[in-house]
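Asks: Structure incoming, see below.
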Amino acid sequence: MGFLRSAFGPSKDEIWSQVAASIGGEYIDGGFWKTGALVFQHGEWQMVLDTYTVNTQNSHQTYTRLRAPFVNRDGLRFTIYRAGFFSALGKVLGMQDITIGDSLFDDGFIIKGNDEEKIRLLFNDAEIKRMIQQQPRIRLQVKDDEGWFGKSFPQGVDELYFLCGGVVKDARLLRGLFDLFAVTLERLVQIDSAYEDDPNVRLK
């Protein structure tokens with residue numbers, strides 16, 4: 001075990017347990033068969049950080065995700081992710097992209113959604129922009145529920161959802177993600193797109 005630790009560094013379980021302790025959350029060991037999860041309660045909102053793996057015939061890909069169900073007041077939907085070559089090409093070809101009036105941020109990220117005015121209000125927040133820019137890999141969105149193989153949410157409950165490829169073991173980035181979720185949920189309340197009520201959904 002000592003050799004493995006020296007070769008690969010601290011394990012995900014070690015780092016996530018340390019992050020849980022530092023933010024006042026709880027790390028739940030998944031045991032042999034399941035992956036562990038970091039659970040943090042912010043007001044009425046439960047945030048759950050975990051990993052999952054998609055297996056195909058020839059390969060498998062592991063993802064890190066952070067989820068937080070909330071009561072969506074107006075059905076706002078958005079997706080934001082870093083711009084790359086194909087997304088830049090899409091912009092040239094006229095792909096829908098919401099801009100917020102900050103050229104540095106607009107050039108760095110693609111934003112899609114169903115209410116341009118509300119999305120501009122949400123992302124024209126200096127703290128949220130700073131936190132998003134600190135994440136090297138980010139796909140942040142509001143989802144209806146988790147589809148056929150996940151939880152179905154009650155009417156009016158949606159999910160703030162972060163996803164990136166690989167297993168994130170950078171404690172600073174992980175703490176930053178929980179901060180981003182807390183600030184984003186609070187901002188959604190401020191712009192009348194979310195309620196602070198308990199969504200009555202527990203992911204763990």
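Identifiers in the structure tokens: chain A, B, ... in order shown; residue index from 1 per chain; ligand index from 1 in order shown.
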Mind running range 25-51 of chain A against range 174-195 of chain A at 9 Å and telling me each contacting residue's nearest atom pair with the distance in Å (one decimal), counting only C-alpha atoms, chain and number ascending, as CSV?
Replies:
```
residue,atom,partner,partner_atom,distance
A:Phe40,CA,A:Phe178,CA,8.3
A:His42,CA,A:Ala182,CA,6.8
A:Trp45,CA,A:Leu185,CA,8.6
A:Met47,CA,A:Phe178,CA,7.8
A:Leu49,CA,A:Phe178,CA,9.0
```
Asks: Which of these, A:Ala20, A:Ile80, A:Ile111, A:Leu121, has the shortest distance to Leu163 in chain A once you count only C-alpha atoms?
Replies: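 Under the stated criterion, the closest residue is A:Ile80.
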Asks: Given only C-alpha atoms as the basis, pick out the residue of A:Ile23, A:Leu66, A:Ile138, A:Val54 nearest to Leu203 in chain A.
Replies: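 When distances to Leu203 in chain A are compared using only C-alpha atoms, the smallest one comes from A:Leu66.
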Asks: Smallest atom-to-atom distance to Val142 in chain A: which of A:Gln155, A:Ser17, A:Asn114, A:Ser103, using only C-alpha atoms?
Replies: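 The closest residue to Val142 in chain A is A:Asn114.
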Asks: Write out as an MDAnalysis selection string each polymer residue whose atoms come within 8 Å of Arg139 in chain A, counting only C-alpha atoms; drop sequence neighbours fewer than 6 positions from it.
Replies: chainID A and resid 79:82 162:164
Asks: Please provide the set of residues having any atom within 10 Å of Phe78 in chain A, restricted to only C-alpha atoms, with same-chain residues fewer than 5 positions apart removed, written as an MDAnalysis selection string.
Replies: chainID A and resid 98 111:116 118:119 140:143 160
Asks: Can I get the selection written as an mmCIF file, in the first residue's frame, with N, CA and C atoms?
Replies:
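Output below, filename result_7.cif:
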```
data_model
loop_
_atom_site.group_PDB
_atom_site.id
_atom_site.type_symbol
_atom_site.label_atom_id
_atom_site.label_comp_id
_atom_site.auth_asym_id
_atom_site.auth_seq_id
_atom_site.Cartn_x
_atom_site.Cartn_y
_atom_site.Cartn_z
ATOM 1 N N ILE A 98 -25.417 32.114 -25.868
ATOM 2 C CA ILE A 98 -25.832 33.300 -25.129
ATOM 3 C C ILE A 98 -24.591 34.015 -24.630
ATOM 4 N N ILE A 111 -22.508 29.143 -23.641
ATOM 5 C CA ILE A 111 -23.686 29.094 -22.770
ATOM 6 C C ILE A 111 -24.917 28.888 -23.639
ATOM 7 N N LYS A 112 -25.708 27.905 -23.294
ATOM 8 C CA LYS A 112 -26.994 27.655 -23.946
ATOM 9 C C LYS A 112 -28.078 27.667 -22.879
ATOM 10 N N GLY A 113 -29.288 28.031 -23.268
ATOM 11 C CA GLY A 113 -30.363 28.029 -22.288
ATOM 12 C C GLY A 113 -31.676 28.473 -22.882
ATOM 13 N N ASN A 114 -32.704 28.501 -22.035
ATOM 14 C CA ASN A 114 -34.055 28.776 -22.518
ATOM 15 C C ASN A 114 -34.577 30.154 -22.119
ATOM 16 N N ASP A 115 -33.737 30.969 -21.453
ATOM 17 C CA ASP A 115 -34.174 32.311 -21.054
ATOM 18 C C ASP A 115 -32.937 33.213 -21.009
ATOM 19 N N GLU A 116 -32.693 33.918 -22.101
ATOM 20 C CA GLU A 116 -31.462 34.700 -22.213
ATOM 21 C C GLU A 116 -31.356 35.757 -21.122
ATOM 22 N N LYS A 118 -32.645 35.848 -18.022
ATOM 23 C CA LYS A 118 -32.337 35.262 -16.719
ATOM 24 C C LYS A 118 -30.907 34.722 -16.691
ATOM 25 N N ILE A 119 -30.466 34.140 -17.780
ATOM 26 C CA ILE A 119 -29.119 33.564 -17.814
ATOM 27 C C ILE A 119 -28.065 34.671 -17.746
ATOM 28 N N LEU A 140 -21.491 22.652 -16.545
ATOM 29 C CA LEU A 140 -22.454 22.955 -15.486
ATOM 30 C C LEU A 140 -23.802 23.191 -16.137
ATOM 31 N N GLN A 141 -24.835 22.558 -15.592
ATOM 32 C CA GLN A 141 -26.149 22.696 -16.204
ATOM 33 C C GLN A 141 -27.259 22.497 -15.176
ATOM 34 N N VAL A 142 -28.455 22.883 -15.585
ATOM 35 C CA VAL A 142 -29.657 22.526 -14.837
ATOM 36 C C VAL A 142 -30.356 21.439 -15.627
ATOM 37 N N LYS A 143 -30.579 20.297 -14.968
ATOM 38 C CA LYS A 143 -31.215 19.144 -15.607
ATOM 39 C C LYS A 143 -32.577 18.888 -14.976
ATOM 40 N N LEU A 160 -29.065 21.011 -10.188
ATOM 41 C CA LEU A 160 -27.831 21.660 -10.620
ATOM 42 C C LEU A 160 -26.783 20.559 -10.736
#
```
Asks: Taking the chain letters and numbering used in this document, name the residues of chain A that DSSP puts in strand (DSSP E or B), as a ChimeraX atom specification.
Replies: /A:26-28,37-42,45-55,60-72,78-82,109-113,139-143,157-165,194-195
Asks: Given only C-alpha atoms as the basis, pick out the residue of A:Glu26, A:Pro199, A:Thr64, A:Thr35 nearest to Lys169 in chain A.
Replies: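 Among the listed residues, the smallest separation from Lys169 in chain A belongs to A:Thr64.
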Asks: Which one of A:Arg137, A:Lys204, A:Arg172, A:Arg120 sits closest to Asp50 in chain A if you count only C-alpha atoms?
Replies: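 Under the stated criterion, the closest residue is A:Lys204.
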Asks: Expressed in Å to a single decimal, how great is the separation between CA of Ala171 in chain A and CA of Gln18 in chain A?
Replies: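 According to the coordinates, CA of Ala171 in chain A and CA of Gln18 in chain A are separated by 8.0 Å.
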Asks: In Å to one decimal, how far is CA of Asp144 in chain A from CA of Asp158 in chain A?
Replies: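 Between these atoms lies a distance of 4.7 Å.
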Asks: I'd like to know which residues of range 117-185 of chain A are helix (DSSP H, G or I) (by DSSP, run on the backbone); could you write them as a PyMOL selection string?
Replies: chain A and resi 117-123+126-133+171-185
Asks: Could you check how far CA of Gly165 in chain A sits from CA of Thr62 in chain A, in Å to one decimal?
Replies: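 The value is 6.3 Å.
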Asks: Could you check which of A:Asp107, A:Asp97, A:Asp125, A:Asp102 is closest to Ala83 in chain A, using only C-alpha atoms?
Replies: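 Among the listed residues, A:Asp107 lies closest to Ala83 in chain A.
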